[in-house]
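K.L.:
Before I ask anything, here is the structure I am working with.
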Amino acid sequence: MRTLAALAFGALALAACGSFSEKPGRPPVALPGRVNNEGIRDATGTTRLGLELRSYAFKPTFLRAQPGQQLTLDLDNTSDVAHTFSVANQPNGVDVVVAPHHKRKVVVSAPLDGSLVFVCRFHESSGMQGAIYVLPGRPVIGAPGGVTSTTRTPFPSGWGS
Ligand SMILES: [Cu+2]
């Protein structure tokens with residue numbers, strides 16, 4: 001009976017995990033070109049979240065935010081190749097290289113409307129791009145919010161473990 005109970009609990013835990021928001025679903029905004037969709041995250045209630053860089057996708061791929069909301073992104077490259085986090089539709093946008101198995105931190109502001117598109121410059125054509133968006137279904141436009149700063153501050157010890 002103990003085994004059965006454990007199995008039941010495991011199934012419940014799996015079901016609970018399945019209901020989280022990072023399941024790849026229909027893309028909330030249409031980006032030009034190929035997009036490897038690793039899920040949507042509602043970031044409207046947070047100021048900081050992790051963004052995994054893998055080959056060749058950002059996870060999560062789409063971040064929903066409030067207009068102008070400032071977000072600290074803990075970039076975590078879990079792959080064996082270098083990636084970039086580069087804002088595509090910003091004249092003076094951020095362009096950060098993250099070495100294999102390294103972490104970087106960027107602070108961005110959500111646009112007031114539309115989407116802030118980010119790409120990996122090395123693998124954009126392979127579908128490595130995503131967006132911070134305000135409302136689903138809105139067109140991708142140049143964003144007056146944009147990037148406020150980037151830092152090279154080391155991550156707190158134990159981060160990501
Ligand atoms: Cu890349």
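Within each chain, counting starts at residue 1; across the structure tokens, chains are named A, B, ... in the order shown, with ligands numbered 1 upward in that order.
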Write out as a VMD selection string each polymer residue (protein, DNA or RNA) that has an atom no more than 7 Å from ligand 1, with only C-alpha atoms and all ligand atoms counted.

P.N.:
chain A and resid 55 to 56 82 to 84 120 to 123 128

K.L.:
So that I can check the surroundings of Glu52 in chain A, please list as an mmCIF file with N, CA and C atoms, in the first residue's frame every protein, DNA and RNA residue that reaches within 9 Å of it, counting only C-alpha atoms and ignoring chain neighbours fewer than 5 positions away.

P.N.:
```
data_model
loop_
_atom_site.group_PDB
_atom_site.id
_atom_site.type_symbol
_atom_site.label_atom_id
_atom_site.label_comp_id
_atom_site.auth_asym_id
_atom_site.auth_seq_id
_atom_site.Cartn_x
_atom_site.Cartn_y
_atom_site.Cartn_z
ATOM 1 N N ALA A 57 17.262 27.848 -27.849
ATOM 2 C CA ALA A 57 16.013 28.474 -27.417
ATOM 3 C C ALA A 57 16.214 29.204 -26.092
ATOM 4 N N PHE A 58 15.343 30.174 -25.853
ATOM 5 C CA PHE A 58 15.237 30.798 -24.544
ATOM 6 C C PHE A 58 14.080 30.124 -23.807
ATOM 7 N N LYS A 59 14.297 29.818 -22.537
ATOM 8 C CA LYS A 59 13.232 29.211 -21.738
ATOM 9 C C LYS A 59 13.045 29.980 -20.437
ATOM 10 N N PRO A 60 11.879 30.572 -20.205
ATOM 11 C CA PRO A 60 10.747 30.638 -21.123
ATOM 12 C C PRO A 60 11.026 31.559 -22.310
ATOM 13 N N ASP A 74 17.880 36.774 -14.760
ATOM 14 C CA ASP A 74 19.066 35.989 -14.457
ATOM 15 C C ASP A 74 19.289 35.019 -15.616
ATOM 16 N N LEU A 75 20.186 35.410 -16.502
ATOM 17 C CA LEU A 75 20.461 34.594 -17.684
ATOM 18 C C LEU A 75 21.340 33.418 -17.284
ATOM 19 N N ASP A 76 20.936 32.232 -17.665
ATOM 20 C CA ASP A 76 21.667 31.026 -17.288
ATOM 21 C C ASP A 76 21.880 30.175 -18.537
ATOM 22 N N ASN A 77 23.106 30.206 -19.037
ATOM 23 C CA ASN A 77 23.422 29.403 -20.217
ATOM 24 C C ASN A 77 23.787 27.993 -19.776
ATOM 25 N N THR A 78 22.866 27.067 -19.973
ATOM 26 C CA THR A 78 23.079 25.694 -19.522
ATOM 27 C C THR A 78 23.663 24.822 -20.631
#
```

K.L.:
Restricting the calculation to only C-alpha atoms: of A:Val96, A:Val119, A:Tyr133, A:Gln69, which residue gets closest to Gly33 in chain A?

P.N.:
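The answer is A:Val119, which sits nearest to Gly33 in chain A.
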
K.L.:
Counting only C-alpha atoms, figure out which residue out of A:Ser115, A:Leu135, A:Lys105, A:Gly130 gets nearest to Gly50 in chain A.

P.N.:
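Checking each of A:Ser115, A:Leu135, A:Lys105, A:Gly130 against Gly50 in chain A, counting only C-alpha atoms, the winner is A:Lys105.
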
K.L.:
Pick the closest to Ser126 in chain A from A:Ala43, A:Val29, A:Val87, A:Val35: which is it, counting only C-alpha atoms?

P.N.:
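Checking each candidate against Ser126 in chain A, we get A:Val35 as the closest.
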
K.L.:
Nearest to Ser79 in chain A: which of A:Ala110, A:Arg104, A:Ala99, A:Gly45 is it, counting only C-alpha atoms?

P.N.:
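The shortest atom-to-atom distance to Ser79 in chain A comes from A:Ala99.
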